[in-house]
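Chemist: Dumping the structure here so I can ask a few things about it.
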Amino acid sequence: MATTDVLLETASAGDFLADDEFVDVEDRAVRKLALTLRQQTDSDPSFAEAAFEWVRDEVGHSYDIQNPRVTLTAGEVLTHRVGLCYAKSHLLAALLRAEGIPTGLCYQRLEHGDGHVLHGLVAVHLDGAWHRQDPRGNTNGINAQFSLGTEQLAWEIDHNRGEIDYPQLFVSPAPCVIDSLRGATNVLTLYGTGLPTEL
């Protein structure tokens, strides 16, 4: 996704370094992990790739591992090592922002059962452009990889099935995501019927 293809919530890439309640950049454990990964790499792209792979592979997707725990903030996701796509994206965004890489939250609308569901991912600003990454986790043939060239996301959009690549990049999570998860007690129940269906 090139810069010209996105709609930024704010004009400044620097705003995408912000700490907030959900992308909690200042969480002590988040900052420690970010620094550890940074020290193991030698450039912004290699650090971004390491952070992506850590979240993709070391944090279980709630549905894949059938864990009902609800996580929402980056700190919660890191502590419990589990989360839906949204929560995993919050952690990845926090790790990257902690080390100075502007990162936005973005979304797709995907077919889900008899309807649709909103899917969360991130976009990183490197080499003068925004590049989407999907840390959801690879399973059942999914093969999402870090890329600054041709995107390799978990799913390709099929417009004939009502699917959408939303162009907006958000500093903070979309309100519908927060509203859906904040009051939930069992994320597996939510996964079946309670997730947002569109922005």
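Simple scheme: letters A, B, ... for chains in structure tokens order, numbers from 1 for residues in each chain, numbers from 1 for ligands in the order shown.
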As a VMD selection string, please: the residues near stretch 49-58 of chain A (cut-off 7 Å, only C-alpha atoms, same-chain neighbours under 3 positions excluded).
Modeler: chain A and resid 37 45 to 46 81 88 92 95 135 to 137 146
Chemist: Please provide the set of residues having any atom within 9 Å of A:Leu17, restricted to only C-alpha atoms, with same-chain residues fewer than 5 positions apart removed, written as a ChimeraX atom specification.
Modeler: /A:25,93-94,96-104,171
Chemist: Give the answer as one residue: which of A:Leu153, A:Leu126, A:Val23, A:Ile164 has the shortest atom-to-atom distance to A:Phe47, using only C-alpha atoms?
Modeler: A:Leu126
Chemist: List every residue of stretch 91-159 of chain A that has an atom at most 12 Å from any atom of stretch 178-182 of chain A, giving for each one its closest atom pair and the distance in Å to one decimal, counting only C-alpha atoms, sorted by chain and then by ascending residue number, as CSV.
Modeler:
residue,atom,partner,partner_atom,distance
A:Val117,CA,A:Ser180,CA,11.8
A:Leu118,CA,A:Ser180,CA,10.9
A:Gly120,CA,A:Ile178,CA,11.9
Chemist: Enumerate, as a ChimeraX atom specification, the complete set of residues in chain A that a backbone-based DSSP assignment places in strand (DSSP E or B).
Modeler: /A:7-8,60-61,82-83,103-112,115-126,129-133,145,152,164-165,168-170
Chemist: Take the selection from the previous step and output its residues with C-alpha atoms, as a compact mmCIF listing (two decimals), in the first residue's frame.
Modeler:
# COMPACT_ATOMS: atom_id res chain seq x y z
CA LEU A 7 -6.30 8.13 4.16
CA LEU A 8 -4.39 9.32 7.20
CA GLY A 60 -1.49 -16.95 20.04
CA HIS A 61 -4.57 -15.90 18.11
CA VAL A 82 -3.02 -14.15 23.45
CA GLY A 83 -5.37 -11.90 21.51
CA THR A 103 2.64 2.73 12.87
CA GLY A 104 -1.06 3.02 12.12
CA LEU A 105 -3.97 0.68 12.70
CA CYS A 106 -5.99 -0.35 9.66
CA TYR A 107 -8.77 -2.73 8.82
CA GLN A 108 -10.30 -5.06 6.28
CA ARG A 109 -13.89 -6.28 5.98
CA LEU A 110 -13.81 -10.04 5.39
CA GLU A 111 -16.43 -12.70 4.78
CA HIS A 112 -17.18 -14.51 8.04
CA GLY A 115 -21.88 -12.30 7.00
CA HIS A 116 -18.74 -10.21 7.43
CA VAL A 117 -16.28 -9.29 10.14
CA LEU A 118 -13.81 -6.47 10.63
CA HIS A 119 -10.20 -7.66 10.59
CA GLY A 120 -7.37 -5.65 12.16
CA LEU A 121 -3.81 -5.16 10.95
CA VAL A 122 -1.14 -2.43 10.95
CA ALA A 123 0.71 -0.23 8.50
CA VAL A 124 4.31 0.82 9.13
CA HIS A 125 5.93 3.94 7.71
CA LEU A 126 9.33 2.96 6.30
CA ALA A 129 5.71 4.89 2.36
CA TRP A 130 3.13 3.00 4.37
CA HIS A 131 3.29 -0.79 4.26
CA ARG A 132 0.56 -3.01 5.68
CA GLN A 133 1.49 -6.02 7.81
CA GLN A 145 4.94 -12.36 5.95
CA GLN A 152 1.79 -10.70 1.86
CA ILE A 164 -13.24 -4.27 1.61
CA ASP A 165 -9.70 -2.95 2.07
CA GLN A 168 -8.02 4.70 6.57
CA LEU A 169 -5.05 4.60 8.92
CA PHE A 170 -5.91 5.25 12.55
Chemist: Please report, as a PyMOL selection string, each residue of chain A to which DSSP assigns alpha helix (DSSP H) when run on this structure's backbone.
Modeler: chain A and resi 28-39+44-58+74-80+85-98+175-182+187-193
Chemist: Okay, now the selection with C-alpha atoms, as a PDB file, in the first residue's frame?
Modeler:
ATOM      1  CA  ARG A  28       7.265  -1.081  30.853  1.00  0.00           C
ATOM      2  CA  ALA A  29       7.179  -4.644  29.474  1.00  0.00           C
ATOM      3  CA  VAL A  30       6.361  -3.383  25.980  1.00  0.00           C
ATOM      4  CA  ARG A  31       9.318  -0.998  26.035  1.00  0.00           C
ATOM      5  CA  LYS A  32      11.628  -3.717  27.366  1.00  0.00           C
ATOM      6  CA  LEU A  33      10.693  -6.141  24.593  1.00  0.00           C
ATOM      7  CA  ALA A  34      11.005  -3.413  21.969  1.00  0.00           C
ATOM      8  CA  LEU A  35      14.494  -2.546  23.178  1.00  0.00           C
ATOM      9  CA  THR A  36      15.512  -6.222  23.247  1.00  0.00           C
ATOM     10  CA  LEU A  37      14.368  -6.724  19.659  1.00  0.00           C
ATOM     11  CA  ARG A  38      16.035  -3.470  18.580  1.00  0.00           C
ATOM     12  CA  GLN A  39      19.352  -4.582  20.073  1.00  0.00           C
ATOM     13  CA  ASP A  44      14.571   0.038  11.182  1.00  0.00           C
ATOM     14  CA  PRO A  45      13.339  -2.510   8.609  1.00  0.00           C
ATOM     15  CA  SER A  46      15.052  -5.431  10.334  1.00  0.00           C
ATOM     16  CA  PHE A  47      13.694  -4.325  13.707  1.00  0.00           C
ATOM     17  CA  ALA A  48      10.198  -3.947  12.261  1.00  0.00           C
ATOM     18  CA  GLU A  49      10.404  -7.432  10.768  1.00  0.00           C
ATOM     19  CA  ALA A  50      11.624  -8.908  14.063  1.00  0.00           C
ATOM     20  CA  ALA A  51       8.796  -7.237  15.983  1.00  0.00           C
ATOM     21  CA  PHE A  52       6.259  -8.422  13.420  1.00  0.00           C
ATOM     22  CA  GLU A  53       7.479 -12.010  13.577  1.00  0.00           C
ATOM     23  CA  TRP A  54       7.557 -11.958  17.378  1.00  0.00           C
ATOM     24  CA  VAL A  55       3.922 -10.865  17.636  1.00  0.00           C
ATOM     25  CA  ARG A  56       2.817 -13.148  14.806  1.00  0.00           C
ATOM     26  CA  ASP A  57       4.518 -16.237  16.220  1.00  0.00           C
ATOM     27  CA  GLU A  58       4.783 -15.717  19.996  1.00  0.00           C
ATOM     28  CA  ALA A  74      -0.724  -3.931  24.130  1.00  0.00           C
ATOM     29  CA  GLY A  75       0.374  -4.593  27.707  1.00  0.00           C
ATOM     30  CA  GLU A  76      -2.399  -7.151  28.253  1.00  0.00           C
ATOM     31  CA  VAL A  77      -1.547  -8.951  25.028  1.00  0.00           C
ATOM     32  CA  LEU A  78       2.124  -9.150  25.984  1.00  0.00           C
ATOM     33  CA  THR A  79       1.351 -10.356  29.510  1.00  0.00           C
ATOM     34  CA  HIS A  80      -1.061 -13.090  28.492  1.00  0.00           C
ATOM     35  CA  CYS A  85      -6.208  -9.749  15.381  1.00  0.00           C
ATOM     36  CA  TYR A  86      -7.041  -6.314  16.810  1.00  0.00           C
ATOM     37  CA  ALA A  87      -5.215  -6.921  20.067  1.00  0.00           C
ATOM     38  CA  LYS A  88      -2.164  -8.397  18.351  1.00  0.00           C
ATOM     39  CA  SER A  89      -2.080  -5.321  16.112  1.00  0.00           C
ATOM     40  CA  HIS A  90      -2.171  -3.052  19.175  1.00  0.00           C
ATOM     41  CA  LEU A  91       0.907  -4.814  20.556  1.00  0.00           C
ATOM     42  CA  LEU A  92       2.810  -4.658  17.277  1.00  0.00           C
ATOM     43  CA  ALA A  93       1.996  -0.974  16.885  1.00  0.00           C
ATOM     44  CA  ALA A  94       3.181  -0.262  20.435  1.00  0.00           C
ATOM     45  CA  LEU A  95       6.469  -2.139  19.939  1.00  0.00           C
ATOM     46  CA  LEU A  96       7.232  -0.303  16.710  1.00  0.00           C
ATOM     47  CA  ARG A  97       6.238   3.115  18.035  1.00  0.00           C
ATOM     48  CA  ALA A  98       8.388   2.530  21.123  1.00  0.00           C
ATOM     49  CA  PRO A 175     -14.286   2.876  18.232  1.00  0.00           C
ATOM     50  CA  CYS A 176     -16.316  -0.122  17.060  1.00  0.00           C
ATOM     51  CA  VAL A 177     -13.426  -2.420  18.002  1.00  0.00           C
ATOM     52  CA  ILE A 178     -13.170  -0.953  21.489  1.00  0.00           C
ATOM     53  CA  ASP A 179     -16.947  -1.069  21.979  1.00  0.00           C
ATOM     54  CA  SER A 180     -17.037  -4.723  20.943  1.00  0.00           C
ATOM     55  CA  LEU A 181     -14.187  -5.951  23.135  1.00  0.00           C
ATOM     56  CA  ARG A 182     -14.404  -3.706  26.176  1.00  0.00           C
ATOM     57  CA  VAL A 187     -13.700 -13.737  23.304  1.00  0.00           C
ATOM     58  CA  LEU A 188     -14.667 -17.083  21.747  1.00  0.00           C
ATOM     59  CA  THR A 189     -18.344 -16.292  22.184  1.00  0.00           C
ATOM     60  CA  LEU A 190     -17.706 -12.842  20.769  1.00  0.00           C
ATOM     61  CA  TYR A 191     -15.892 -14.349  17.793  1.00  0.00           C
ATOM     62  CA  GLY A 192     -19.008 -16.147  16.699  1.00  0.00           C
ATOM     63  CA  THR A 193     -21.495 -13.287  16.717  1.00  0.00           C
TER      64      THR A 193
END
Chemist: Rounded to one decimal place, report the atom CA of A:Asp64-atom CA of A:Ala154 distance in Å.
Modeler: 13.8 Å
Chemist: Tell me, in Å to one decimal, how far atom CA of A:Val6 is from atom CA of A:Gly113.
Modeler: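 We find that atom CA of A:Val6 and atom CA of A:Gly113 lie 28.3 Å from each other.
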